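A short write-up of the structure that comes next.
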Amino acid sequence: MLNIKNLHVAIEGKEIIRGLNLEVKAGEVHAIMGPNGTGKSTLAAVVAGKEGYDVTQGEVLYHHKDLLEMATEERALEGIFLGFQYPVEIPGVSMTNFMRTALNEQRKYRGLDPIPPGEFLERMEKAKKLVDIHDKLTNRSVNEGFSGGEKKRNEIFQMAMLEPTLAILDETDSGLDIDALKVVAHGVNMLKSKDNATIVITHYQRLLEYIIPDFVHVLFDGKIVKSGGKELAIELEEKGYEWLKAEAV
Amino acid sequence: MMTDTTLLKDKIIDLYKANREKITLNDPPGLAEIREKSFTDFINLDFPTPRLEAWKNTDIRKILQRDYQILFDPENGTLDLDKIFHCEVPDFDTEIISLYNGWYIYRDKSLTTLPNGTIIGSFAQAMKEYPDLILKHFNQYAKSDLNGLNALNTAYAQDGVFIYVPDGVEAYKTIQMVNILNKEDNLLVQNRNLVIMGKNSKMTLVHCDDSHNFKSSLTNTVTEVYMDEGANLKHYKLQNLNNETSLINSAFFHQEKDSNLATFAISLNGGMIRNDIHVRLNGQQSHADIMGLYLMDKEQHVDNQVHVDHAVPNCTSNELFKGILDDHATAVFNGHILVRKDAQKTNAYQTNRNILLNDKATINTKPFLEIYADDVKCSHGATVGQIDEDALFYIKSRGISEYNARLLLMYAFAAEVINEISIAPLKDRIDDLVKKRLRGELAVCDQCVLHCKNQEKAYEFKIDMSKL
Ligand SMILES: Nc1ncnc2c1ncn2[C@@H]1O[C@H](COP(=O)(O)OP(=O)(O)OP(=O)(O)O)[C@@H](O)[C@H]1O
Ligand SMILES: [Mg+2]
């Protein structure tokens, strides 16, 4: 589904990702871990199509298509979803209007008519239940005044609404209390199918007790320096990253 | 010194002298002195030029170089109103009063007393029927010595809208004033409106300026509003004029104790729009919300001058003006807050926010806080920015196109003002107009609250999003 080959990314001339390889197949869950500032969010942003990044080498294929040639919205319409590490507040744009617009763009892309109001409401209700989010939040402006945890829940709510093929969740667990963490993990697990894939970026092994990854990768200094199964996460929790630094050099 | 505007000035002076009899036809005794004084003031003050601080960024000399026709008699004898417009807003029952080329259009009577005692109609007729009311309020709140334009309006004041709401009366219907300009020649229109609200009275007033053709008219209008103790007024001014039209709109609100004002200036289109909004908080515990929204493109120009005069203690005022500018559009915002020496415990807030979609568009924004009391809370803030790139990315990452993402953000920006509109059907209608305007689908013919049947070629006003 997603195939990243020898990716090099620079921001304002400074190379952040330096030769990254990653393959994600349908039905898989990948976890990416690694110290602060090693390029995890940068990778997510490049896949989602954020501006301001120079891809200096390599390629990113999504369903065998060149992802880097596509506009942000086109990537989303093709099924890519980014759960933001820092969701953006958008005063004045209601959650409902936001989601309806997004769904209708999706439907238009697929040659469908706008979603009937009843169907939309049903979908909202279902998604709200899934992440246990209150009307209070969905009636407000996008993320405006949401607490840190509410913002993260809202990302999963949007994911449930949009039903992506490839979801990249950037530290969706940070800032969540243990109950919220379970709710979010439950949401992700419920949305999982053999046709879609998830990449979770996290610092904590704890999340991976609830979302069981097929692969764990360690991103270090812009490269994946180690990959393994879910036991790698436990090892990292115990040993930290220092021992990998030595291995990486 | 000779300026190019001398021609118009001389014409105005000559016409005044030649038509004095017509102009003063309905004057109650005592009004003549006010007129004569204002006439002299106009001669002395002349038209404003950029040499005056308040007109620094709005140069109207070009506009004043055109030749204008002035009507001293109404021309609406044979007018078929329904040919011009009809109301199409569901759930929005309004009492419509209209001015056609500056003159009150009447159906049966030129002054009507509604069952609850509210009097609405022609200012000219009110001068005849209610001389005492006129004498008590006319030109008491307007500042005719500020600049020549207000003086000119006072000298020439012949007709306009008159509204009187008696003590304790709630005007049950929204009153809608429509100014329609439609004339083969360029017109100079100078209507004068007077609104008198009794103690604890309540009213919603929608005030629309529309043009029905594409002539270069100049409107110089003055509206005086007196709000007695406990009066409550919601006032919405909508401006959707063709790009050749110039509108100078001066409004003077005088508020007594416990009165509550919300006034909106929503400028959707117009060649040159100048709003001078004066609010005097003259009685304790009075409150004023002064809101504005302007969406300008092409060569359009809008200038909002807001003066809030805190004359007594314990009053509050809140100003919020927001604008989106594209192309070569220019905007000015000057917010003057005066807190007089005795006006302790004043709360006065002012915010002006702008989005420039283009580096050719300009905004001049300036707060001017003049505070003589020591126990006050005042704040002001102005921002000029572009569309928030992070928000744009967030929206697009959900599959929403660049165009729609920008629309969402621009609309959200405008919505802060629109959301303050408390009458649901009106809010929906204005909401709709703003959305249309942002999408580039608003024609000048698309009346603010009314729909016209006038099938003129549609004008295009488009904010070009691709340019960003
Ligand atoms: N817009 C930017 N301009 C300059 N440098 C940037 C920019 N964005 C990211 N960087 C730098 O790139 C590096 C990688 O950042 P990134 O956000 O991808 O790290 P991360 O692995 O997600 O870290 P964390 O675990 O703290 O979220 C950091 O050194 C960061 O300072
Ligand atoms: Mg990060």
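Labeling convention for the structure tokens: chains A, B, ... as they appear, residues from 1 per chain, ligands from 1 in order of appearance.
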Which residues of chain A come within 8 Å of ligand 1, and for each one, what is the closest pair of atoms and their distance in Å to one decimal, counting only C-alpha atoms and all ligand atoms, sorted by chain and residue number, as a tab-separated table?
residue	atom	partner	partner_atom_place_in_ligand_line	distance
A:Ile11	CA	ligand 1	4 (C)	5.7
A:Glu12	CA	ligand 1	4 (C)	6.6
A:Lys14	CA	ligand 1	5 (N)	7.6
A:Ile16	CA	ligand 1	12 (O)	5.5
A:Gly34	CA	ligand 1	21 (O)	6.7
A:Pro35	CA	ligand 1	25 (O)	5.8
A:Asn36	CA	ligand 1	25 (O)	3.5
A:Gly37	CA	ligand 1	19 (O)	3.4
A:Thr38	CA	ligand 1	21 (O)	4.0
A:Gly39	CA	ligand 1	18 (O)	3.2
A:Lys40	CA	ligand 1	21 (O)	3.7
A:Ser41	CA	ligand 1	22 (O)	3.6
A:Thr42	CA	ligand 1	18 (O)	3.6
A:Leu43	CA	ligand 1	18 (O)	6.5
A:Ala44	CA	ligand 1	18 (O)	7.9
A:Gly52	CA	ligand 1	1 (N)	7.0
A:Gln85	CA	ligand 1	27 (O)	7.2
A:Asp170	CA	ligand 1	22 (O)	7.9
A:Glu171	CA	ligand 1	27 (O)	7.4
A:Thr202	CA	ligand 1	25 (O)	7.9
A:His203	CA	ligand 1	25 (O)	7.2
A:Leu219	CA	ligand 1	21 (O)	7.8
A:Gly222	CA	ligand 1	14 (C)	7.9
Counting only C-alpha atoms, which residues from chain B have an atom at most 9 Å from any atom of chain A, and could you show them as a short mmCIF file (atom, residue, chain, number, x, y, z; two decimals) with N, CA and C atoms, in the first residue's frame?
data_model
loop_
_atom_site.label_atom_id
_atom_site.label_comp_id
_atom_site.auth_asym_id
_atom_site.auth_seq_id
_atom_site.Cartn_x
_atom_site.Cartn_y
_atom_site.Cartn_z
N ASP B 390 -1.45 26.83 8.71
CA ASP B 390 -1.60 25.57 9.45
C ASP B 390 -3.04 25.09 9.40
N ALA B 391 -3.95 26.05 9.55
CA ALA B 391 -5.37 25.69 9.49
C ALA B 391 -5.71 25.21 8.09
N PHE B 393 -3.76 23.71 5.96
CA PHE B 393 -3.25 22.35 5.78
C PHE B 393 -4.14 21.34 6.51
N TYR B 394 -4.52 21.70 7.70
CA TYR B 394 -5.37 20.80 8.49
C TYR B 394 -6.67 20.48 7.73
N ILE B 395 -7.27 21.51 7.18
CA ILE B 395 -8.54 21.31 6.46
C ILE B 395 -8.32 20.48 5.20
N LYS B 396 -7.27 20.83 4.47
CA LYS B 396 -7.01 20.10 3.22
C LYS B 396 -6.66 18.64 3.50
N SER B 397 -6.04 18.39 4.65
CA SER B 397 -5.65 17.02 4.97
C SER B 397 -6.88 16.14 5.22
N ARG B 398 -8.06 16.76 5.27
CA ARG B 398 -9.29 15.97 5.39
C ARG B 398 -9.97 15.82 4.04
N GLY B 399 -9.27 16.22 2.99
CA GLY B 399 -9.80 16.01 1.65
C GLY B 399 -10.56 17.18 1.07
N ILE B 400 -10.52 18.30 1.76
CA ILE B 400 -11.25 19.48 1.30
C ILE B 400 -10.35 20.30 0.37
N SER B 401 -10.89 20.70 -0.74
CA SER B 401 -10.08 21.39 -1.75
C SER B 401 -9.54 22.72 -1.22
N GLU B 402 -8.48 23.15 -1.83
CA GLU B 402 -7.88 24.44 -1.47
C GLU B 402 -8.93 25.56 -1.50
N ASN B 404 -12.24 25.40 -1.30
CA ASN B 404 -13.23 25.30 -0.23
C ASN B 404 -12.61 25.53 1.15
N LEU B 408 -13.92 28.23 3.69
CA LEU B 408 -14.27 27.91 5.08
C LEU B 408 -13.58 28.87 6.04
N LEU B 409 -12.30 29.12 5.78
CA LEU B 409 -11.54 29.97 6.70
C LEU B 409 -11.98 31.43 6.61
N TYR B 411 -14.90 32.45 5.64
CA TYR B 411 -16.22 32.54 6.23
C TYR B 411 -16.13 32.52 7.76
N ALA B 412 -15.27 31.65 8.26
CA ALA B 412 -15.11 31.55 9.72
C ALA B 412 -14.64 32.88 10.29
N PHE B 413 -13.78 33.53 9.55
CA PHE B 413 -13.27 34.83 9.97
C PHE B 413 -14.41 35.84 10.05
N ALA B 414 -15.25 35.82 9.04
CA ALA B 414 -16.37 36.76 9.00
C ALA B 414 -17.45 36.39 10.03
N ALA B 415 -17.53 35.10 10.32
CA ALA B 415 -18.64 34.61 11.15
C ALA B 415 -18.65 35.22 12.55
N GLU B 416 -17.50 35.61 13.02
CA GLU B 416 -17.44 36.19 14.36
C GLU B 416 -18.35 37.43 14.46
#
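Atom pair CA of Gly335 (chain B) / CA of Lys427 (chain B): separated by 25.3 Å.
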Fill in: All helix (DSSP H, G or I) positions in region 7-224 of chain A, as a VMD selection string
chain A and resid 40 to 48 67 to 69 72 to 77 95 to 109 117 to 131 135 to 138 148 to 162 178 to 191 205 to 210
Residue selection dump (C-alpha atoms) as a tab-separated table (two decimals), in the first residue's frame:
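Contents of selection35.tsv, freshly written:
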chain	number	residue	atom	x	y	z
A	40	LYS	CA	8.76	11.20	13.01
A	41	SER	CA	6.34	14.08	12.53
A	42	THR	CA	8.31	15.22	9.52
A	43	LEU	CA	7.76	11.84	7.91
A	44	ALA	CA	4.04	12.02	8.66
A	45	ALA	CA	3.81	15.56	7.26
A	46	VAL	CA	5.60	14.61	4.05
A	47	VAL	CA	3.26	11.68	3.50
A	48	ALA	CA	0.24	13.90	4.15
A	67	LEU	CA	2.29	10.27	-3.74
A	68	LEU	CA	4.64	13.23	-3.86
A	69	GLU	CA	2.99	14.46	-7.03
A	72	THR	CA	-2.72	17.32	0.06
A	73	GLU	CA	-6.46	17.05	-0.47
A	74	GLU	CA	-6.01	14.49	-3.24
A	75	ARG	CA	-3.99	12.29	-0.91
A	76	ALA	CA	-6.75	12.53	1.65
A	77	LEU	CA	-9.35	11.68	-0.99
A	95	MET	CA	-17.11	20.44	13.55
A	96	THR	CA	-20.34	19.48	11.86
A	97	ASN	CA	-19.82	21.75	8.89
A	98	PHE	CA	-16.21	20.65	8.65
A	99	MET	CA	-17.09	16.97	8.57
A	100	ARG	CA	-19.98	17.42	6.18
A	101	THR	CA	-17.77	19.37	3.79
A	102	ALA	CA	-15.03	16.74	4.01
A	103	LEU	CA	-17.42	13.85	3.46
A	104	ASN	CA	-19.06	15.56	0.54
A	105	GLU	CA	-15.71	16.24	-1.09
A	106	GLN	CA	-14.97	12.54	-0.68
A	107	ARG	CA	-18.28	11.60	-2.21
A	108	LYS	CA	-17.84	14.00	-5.07
A	109	TYR	CA	-14.44	12.45	-5.74
A	117	PRO	CA	-28.75	14.63	6.11
A	118	GLY	CA	-30.11	11.53	7.81
A	119	GLU	CA	-27.19	9.40	6.75
A	120	PHE	CA	-24.77	12.08	7.87
A	121	LEU	CA	-26.30	12.28	11.31
A	122	GLU	CA	-26.22	8.52	11.66
A	123	ARG	CA	-22.56	8.46	10.77
A	124	MET	CA	-21.84	11.22	13.25
A	125	GLU	CA	-23.63	9.31	16.00
A	126	LYS	CA	-21.73	6.14	15.26
A	127	ALA	CA	-18.38	7.87	15.21
A	128	LYS	CA	-19.17	9.79	18.37
A	129	LYS	CA	-20.03	6.58	20.19
A	130	LEU	CA	-16.88	4.93	18.99
A	131	VAL	CA	-14.61	7.49	20.62
A	135	ASP	CA	-22.19	16.56	21.52
A	136	LYS	CA	-20.71	19.45	23.39
A	137	LEU	CA	-17.52	18.99	21.40
A	138	THR	CA	-18.97	18.24	17.99
A	148	GLY	CA	-5.31	18.25	24.90
A	149	GLY	CA	-7.05	14.92	25.35
A	150	GLU	CA	-10.23	16.09	23.65
A	151	LYS	CA	-8.24	17.17	20.64
A	152	LYS	CA	-6.74	13.71	20.34
A	153	ARG	CA	-10.10	12.05	20.65
A	154	ASN	CA	-11.36	14.41	18.00
A	155	GLU	CA	-8.68	13.18	15.62
A	156	ILE	CA	-9.94	9.63	15.99
A	157	PHE	CA	-13.50	10.86	15.64
A	158	GLN	CA	-12.57	12.39	12.29
A	159	MET	CA	-10.81	9.21	11.31
A	160	ALA	CA	-13.98	7.27	12.07
A	161	MET	CA	-15.98	9.70	9.95
A	162	LEU	CA	-13.66	9.57	6.97
A	178	ILE	CA	-5.50	5.80	30.80
A	179	ASP	CA	-9.25	5.59	30.15
A	180	ALA	CA	-9.03	7.88	27.16
A	181	LEU	CA	-6.11	5.87	25.89
A	182	LYS	CA	-8.25	2.72	25.96
A	183	VAL	CA	-11.07	4.53	24.21
A	184	VAL	CA	-8.79	5.79	21.47
A	185	ALA	CA	-7.13	2.39	21.06
A	186	HIS	CA	-10.53	0.75	20.93
A	187	GLY	CA	-11.55	3.19	18.22
A	188	VAL	CA	-8.48	2.41	16.16
A	189	ASN	CA	-8.97	-1.33	16.59
A	190	MET	CA	-12.61	-1.15	15.59
A	191	LEU	CA	-11.71	0.71	12.42
A	205	GLN	CA	4.97	1.07	24.84
A	206	ARG	CA	1.75	1.39	26.83
A	207	LEU	CA	-0.29	2.27	23.74
A	208	LEU	CA	1.04	-0.80	22.00
A	209	GLU	CA	-0.51	-2.97	24.66
A	210	TYR	CA	-3.85	-1.86	23.31
Worksheet item: Where in region 3-249 of chain A does DSSP assign strand (DSSP E), given as an NGL selection string?
Response: :A and (3-11 or 14-24 or 29-33 or 54-62 or 65-66 or 80-83 or 90-94 or 141-142 or 166-170 or 197-201 or 215-220 or 223-228)
Item to complete: Quick one: everything within 8 Å of region 223-232 of chain B, counting only C-alpha atoms, minus sequence neighbours fewer than 5 positions away in the same chain. Send it as a ChimeraX atom specification.
Response: /B:137-139,141-142,192-203,249-261,283
Find the residues near Phe72 (chain B): any atom within 9 Å, counting only C-alpha atoms, skip ones fewer than 5 places away on the same chain, and give them as a compact mmCIF listing (two decimals) with C-alpha atoms, in the first residue's frame.
# COMPACT_ATOMS: atom_id res chain seq x y z
CA ASN B 19 -34.25 76.44 -4.37
CA LYS B 22 -38.51 74.35 -1.87
CA ILE B 23 -35.91 73.26 0.62
CA GLN B 158 -35.47 67.77 2.70
Practice prompt. With a distance cut-off of 9 Å and only C-alpha atoms, select the neighbouring residues of Asp4 (chain B), excluding the residue or stretch itself and same-chain residues fewer than 3 positions from it, and output the selection as a list in words.
Written response: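 Counting only C-alpha atoms, the residues come to Leu7, Leu8, Arg61, Lys62, Leu64 and Gln65 of chain B.
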May I have the selected residues written with N, CA and C atoms, as a short mmCIF file (atom, residue, chain, number, x, y, z; two decimals), in the first residue's frame?
data_model
loop_
_atom_site.label_atom_id
_atom_site.label_comp_id
_atom_site.auth_asym_id
_atom_site.auth_seq_id
_atom_site.Cartn_x
_atom_site.Cartn_y
_atom_site.Cartn_z
N LEU B 7 -16.13 73.61 -8.63
CA LEU B 7 -17.27 73.59 -9.53
C LEU B 7 -18.52 73.05 -8.84
N LEU B 8 -18.34 71.91 -8.19
CA LEU B 8 -19.47 71.29 -7.51
C LEU B 8 -19.93 72.15 -6.34
N ARG B 61 -11.75 63.74 -3.59
CA ARG B 61 -11.75 64.86 -4.53
C ARG B 61 -12.12 64.44 -5.95
N LYS B 62 -11.64 63.27 -6.34
CA LYS B 62 -12.00 62.77 -7.69
C LYS B 62 -13.51 62.61 -7.82
N LEU B 64 -15.71 64.20 -6.26
CA LEU B 64 -16.36 65.51 -6.23
C LEU B 64 -16.13 66.31 -7.50
N GLN B 65 -15.29 65.76 -8.35
CA GLN B 65 -15.06 66.45 -9.62
C GLN B 65 -16.12 66.11 -10.66
#
Can you tell me, as a compact mmCIF listing (two decimals) with all heavy atoms, in the first residue's frame, what residues are no more than 12 Å from Asp431 (chain B) when counting only C-alpha atoms, ignoring any on the same chain fewer than 6 positions away?
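Produced file selection.txt, reproduced below:
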# COMPACT_ATOMS: atom_id res chain seq x y z
N ILE B 266 -22.26 46.42 7.51
CA ILE B 266 -21.80 45.29 6.71
C ILE B 266 -21.66 45.75 5.26
O ILE B 266 -22.64 46.03 4.59
CB ILE B 266 -22.76 44.10 6.86
CG1 ILE B 266 -22.73 43.66 8.32
CG2 ILE B 266 -22.36 42.95 5.93
CD1 ILE B 266 -23.70 42.59 8.69
N LEU B 268 -20.65 44.99 1.63
CA LEU B 268 -20.39 43.87 0.72
C LEU B 268 -19.82 44.33 -0.61
O LEU B 268 -18.98 43.68 -1.19
CB LEU B 268 -21.69 43.08 0.49
CG LEU B 268 -22.30 42.48 1.75
CD1 LEU B 268 -23.70 41.95 1.47
CD2 LEU B 268 -21.43 41.37 2.30
N LEU B 293 -18.26 44.54 9.21
CA LEU B 293 -17.65 43.52 8.36
C LEU B 293 -17.53 44.12 6.97
O LEU B 293 -18.48 44.70 6.47
CB LEU B 293 -18.57 42.28 8.33
CG LEU B 293 -18.13 41.11 7.44
CD1 LEU B 293 -16.84 40.50 7.96
CD2 LEU B 293 -19.22 40.05 7.38
N TYR B 411 -14.90 32.45 5.64
CA TYR B 411 -16.22 32.54 6.23
C TYR B 411 -16.13 32.52 7.76
O TYR B 411 -16.79 33.29 8.45
CB TYR B 411 -17.13 31.43 5.71
CG TYR B 411 -18.44 31.48 6.43
CD1 TYR B 411 -19.33 32.51 6.16
CD2 TYR B 411 -18.71 30.60 7.46
CE1 TYR B 411 -20.48 32.63 6.88
CE2 TYR B 411 -19.88 30.71 8.18
CZ TYR B 411 -20.75 31.74 7.89
OH TYR B 411 -21.88 31.87 8.62
N ALA B 412 -15.27 31.65 8.26
CA ALA B 412 -15.11 31.55 9.72
C ALA B 412 -14.64 32.88 10.29
O ALA B 412 -15.07 33.31 11.35
CB ALA B 412 -14.11 30.45 10.05
N ALA B 414 -15.25 35.82 9.04
CA ALA B 414 -16.37 36.76 9.00
C ALA B 414 -17.45 36.39 10.03
O ALA B 414 -18.16 37.25 10.54
CB ALA B 414 -16.98 36.79 7.60
N ALA B 415 -17.53 35.10 10.32
CA ALA B 415 -18.64 34.61 11.15
C ALA B 415 -18.65 35.22 12.55
O ALA B 415 -19.70 35.34 13.17
CB ALA B 415 -18.60 33.10 11.22
N GLU B 416 -17.50 35.61 13.02
CA GLU B 416 -17.44 36.19 14.36
C GLU B 416 -18.35 37.43 14.46
O GLU B 416 -18.96 37.68 15.49
CB GLU B 416 -15.99 36.58 14.70
CG GLU B 416 -15.77 36.79 16.17
CD GLU B 416 -14.39 37.34 16.48
OE1 GLU B 416 -13.49 37.32 15.61
OE2 GLU B 416 -14.20 37.82 17.61
N VAL B 417 -18.42 38.16 13.37
CA VAL B 417 -19.32 39.32 13.34
C VAL B 417 -20.76 38.87 13.08
O VAL B 417 -21.68 39.27 13.78
CB VAL B 417 -18.86 40.34 12.27
CG1 VAL B 417 -19.89 41.46 12.13
CG2 VAL B 417 -17.49 40.91 12.64
N ILE B 418 -20.91 37.98 12.11
CA ILE B 418 -22.26 37.53 11.74
C ILE B 418 -22.96 36.87 12.92
O ILE B 418 -24.16 37.05 13.13
CB ILE B 418 -22.20 36.55 10.55
CG1 ILE B 418 -21.55 37.25 9.34
CG2 ILE B 418 -23.59 36.06 10.17
CD1 ILE B 418 -21.15 36.30 8.26
N ASN B 419 -22.20 36.12 13.70
CA ASN B 419 -22.79 35.42 14.84
C ASN B 419 -23.36 36.35 15.90
O ASN B 419 -24.10 35.93 16.78
CB ASN B 419 -21.77 34.48 15.48
CG ASN B 419 -21.51 33.27 14.61
OD1 ASN B 419 -22.32 32.95 13.76
ND2 ASN B 419 -20.39 32.62 14.82
N GLU B 420 -22.99 37.60 15.83
CA GLU B 420 -23.52 38.57 16.79
C GLU B 420 -24.92 39.06 16.39
O GLU B 420 -25.56 39.79 17.14
CB GLU B 420 -22.59 39.78 16.90
CG GLU B 420 -21.21 39.46 17.48
CD GLU B 420 -21.29 39.07 18.95
OE1 GLU B 420 -22.10 39.63 19.68
OE2 GLU B 420 -20.53 38.14 19.34
N ILE B 421 -25.36 38.68 15.19
CA ILE B 421 -26.68 39.11 14.75
C ILE B 421 -27.72 38.24 15.45
O ILE B 421 -27.72 37.02 15.31
CB ILE B 421 -26.82 38.98 13.22
CG1 ILE B 421 -25.78 39.87 12.55
CG2 ILE B 421 -28.24 39.31 12.76
CD1 ILE B 421 -25.68 39.69 11.06
N ILE B 423 -31.12 38.19 15.31
CA ILE B 423 -32.39 37.78 14.70
C ILE B 423 -32.10 36.67 13.69
O ILE B 423 -31.44 36.89 12.68
CB ILE B 423 -33.03 38.96 13.97
CG1 ILE B 423 -33.16 40.13 14.94
CG2 ILE B 423 -34.38 38.59 13.40
CD1 ILE B 423 -33.26 41.44 14.25
N ALA B 424 -32.62 35.48 13.98
CA ALA B 424 -32.23 34.31 13.19
C ALA B 424 -32.45 34.46 11.69
O ALA B 424 -31.53 34.22 10.91
CB ALA B 424 -32.89 33.07 13.74
N PRO B 425 -33.65 34.83 11.24
CA PRO B 425 -33.82 34.90 9.78
C PRO B 425 -32.91 35.93 9.14
O PRO B 425 -32.40 35.72 8.04
CB PRO B 425 -35.29 35.30 9.59
CG PRO B 425 -35.91 35.31 10.92
CD PRO B 425 -34.88 35.15 11.96
N ARG B 437 -21.00 36.30 -1.45
CA ARG B 437 -20.00 37.31 -1.74
C ARG B 437 -18.61 36.68 -1.80
O ARG B 437 -17.81 36.97 -2.68
CB ARG B 437 -20.03 38.40 -0.65
CG ARG B 437 -18.97 39.47 -0.75
CD ARG B 437 -19.18 40.33 -1.99
NE ARG B 437 -18.23 41.43 -2.08
CZ ARG B 437 -17.06 41.35 -2.68
NH1 ARG B 437 -16.69 40.22 -3.22
NH2 ARG B 437 -16.26 42.40 -2.74
N LEU B 438 -18.33 35.78 -0.86
CA LEU B 438 -17.02 35.15 -0.80
C LEU B 438 -16.81 34.21 -1.99
O LEU B 438 -15.70 34.06 -2.48
CB LEU B 438 -16.84 34.38 0.51
CG LEU B 438 -16.73 35.24 1.76
CD1 LEU B 438 -16.76 34.37 3.01
CD2 LEU B 438 -15.47 36.09 1.75
N CYS B 448 -30.16 43.27 -0.44
CA CYS B 448 -29.72 42.84 0.88
C CYS B 448 -30.75 41.95 1.54
O CYS B 448 -30.47 40.82 1.88
CB CYS B 448 -29.40 44.04 1.76
SG CYS B 448 -30.58 45.35 1.69
N VAL B 449 -31.93 42.41 1.66
CA VAL B 449 -32.92 41.54 2.26
C VAL B 449 -34.05 41.31 1.26
O VAL B 449 -34.72 40.31 1.25
CB VAL B 449 -33.43 42.12 3.58
CG1 VAL B 449 -34.48 41.22 4.18
CG2 VAL B 449 -32.27 42.25 4.55
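Across the model, the gap from CA of Asp276 (chain B) to CA of Asn242 (chain B) is 20.0 Å.
Closest to Asn179 (chain B) among B:Val206, B:Leu325, B:Ala18, B:Val302 is B:Val206, based on only C-alpha atoms.
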Item to complete: Work out how far CA of Met291 (chain B) is from CA of Glu319 (chain B), in Å to one decimal.
Response: 5.7 Å
